[in-house]
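Chemist: Next up is a structure, given as structure tokens.
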Amino acid sequence: MRPGSFAEYTVVPTRALIPLPAELPFVAAATIPCPALTAFQAVSKVPLGPGAHVLVTGASGAVGGALLQLARSRGWIVHAICSASQAERVLRLGAAAATDYRYPQWREELRERAHLQPLQAVFDMVSGAHAASLAPLLTANGHLVCIQDRQENVPLPAFTTTISLHEVGLNAMHGYADDRQWSNLVAAGAAIAKDIVTGRFDPQIVEIAAFEALPEALARLKAGPNPGNRVILI
């Protein structure tokens, strides 16, 4: 794939093409390749069965909302951290509980709750430092997944909870993935496309803007909040 954004035409390797149902609007299809497949890569890092308790920060964003839905489909119990204004939507997307990130005691309360409900994975969408601060919440052999940034240093002493560290970067597929990995990713994209059509997956579209309004749309994206996907029509 060549670099660039907002192009009318671009060259894409055939192995990266996702087949779309005829009923799926292109506006909804545009939400699949980046946010939804980033979320798919994140949940695929973690080999957990139904009933596992996981934490998702930044849960009200485009990737966070997609991850919530994919986690719910796996039977995971999701504790979401988001803004209070988005709590109802986050619960609707699949979270079992939603906590305001501005609440100063949320880490302490999660740590106390973890004695009865151990957290087996944390999916962080804030920063590497933020993710590192959440590592002590994980149970033994838990998973710390960084979707924004990565862990440059091990966040816990050796031979304590022996957690696994994961970084997520969709761009890595273009440079390093093999055909089998592409086949799995494309299959996941096709499944999400079908679920959008049937109503099982919410594409979370919060804005559809004309190409001529791109500068203003990008300014709104930068200023936030962004409770979902903003799509530009060319």
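Chain lettering (A, B, ...) mirrors the order of the structure tokens, residue numbering begins at 1 for each chain separately, and ligand numbering begins at 1 in order of display.
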Set the distance at 12 Å and use only C-alpha atoms: which residues neighbour Ala121 of chain A once local chain neighbours fewer than 3 positions away are removed? I'd like the list as number ranges by chain.

Modeler: A: 42-49, 52-57, 71, 76-79, 114, 117-118, 124, 131, 134-146, 163-166

Chemist: Restrict the calculation to only C-alpha atoms, then for each residue of segment 125-191 of chain A with any atom at most 10 Å from an atom of segment 195-201 of chain A give the closest atom pair and their distance in Å to one decimal, rows by chain and rising residue number, as CSV.

Modeler:
```
residue,atom,partner,partner_atom,distance
A:Gly189,CA,A:Asp195,CA,9.8
A:Ala190,CA,A:Asp195,CA,8.7
A:Ala191,CA,A:Asp195,CA,6.3
```

Chemist: Write the selection just made, keeping N, CA and C atoms, as a PDB file, in the first residue's frame?

Modeler:
```
ATOM      1  N   GLY A 189     -12.311  -8.891   8.892  1.00  0.00           N
ATOM      2  CA  GLY A 189     -12.984  -7.728   8.330  1.00  0.00           C
ATOM      3  C   GLY A 189     -14.287  -8.089   7.643  1.00  0.00           C
ATOM      4  N   ALA A 190     -14.286  -9.209   6.910  1.00  0.00           N
ATOM      5  CA  ALA A 190     -15.496  -9.662   6.230  1.00  0.00           C
ATOM      6  C   ALA A 190     -16.577 -10.041   7.244  1.00  0.00           C
ATOM      7  N   ALA A 191     -16.188 -10.665   8.341  1.00  0.00           N
ATOM      8  CA  ALA A 191     -17.152 -11.041   9.381  1.00  0.00           C
ATOM      9  C   ALA A 191     -17.752  -9.804  10.035  1.00  0.00           C
TER      10      ALA A 191
END
```

Chemist: Would you pick out the contacts of Glu8 of chain A at 12 Å or less, using only C-alpha atoms, so that residues sharing its chain but fewer than 4 positions from it are not included, and give the list as JSON, numbers by chain?

Modeler: {"A": [4, 211, 232, 233, 234]}

Chemist: With only C-alpha atoms as the atoms that count, which of A:Pro33, A:Pro104, A:Pro227, A:Pro157 lies nearest to Ser85 of chain A?

Modeler: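 Checking each of A:Pro33, A:Pro104, A:Pro227, A:Pro157 against Ser85 of chain A, counting only C-alpha atoms, the winner is A:Pro227.
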
Chemist: Go through chain A and collect every residue that DSSP, computed from the backbone, puts in strand (DSSP E or B); the answer should be as a ChimeraX atom specification.

Modeler: /A:53-57,77-82,97-100,119-124,138-146,164-167,205-210,229-233
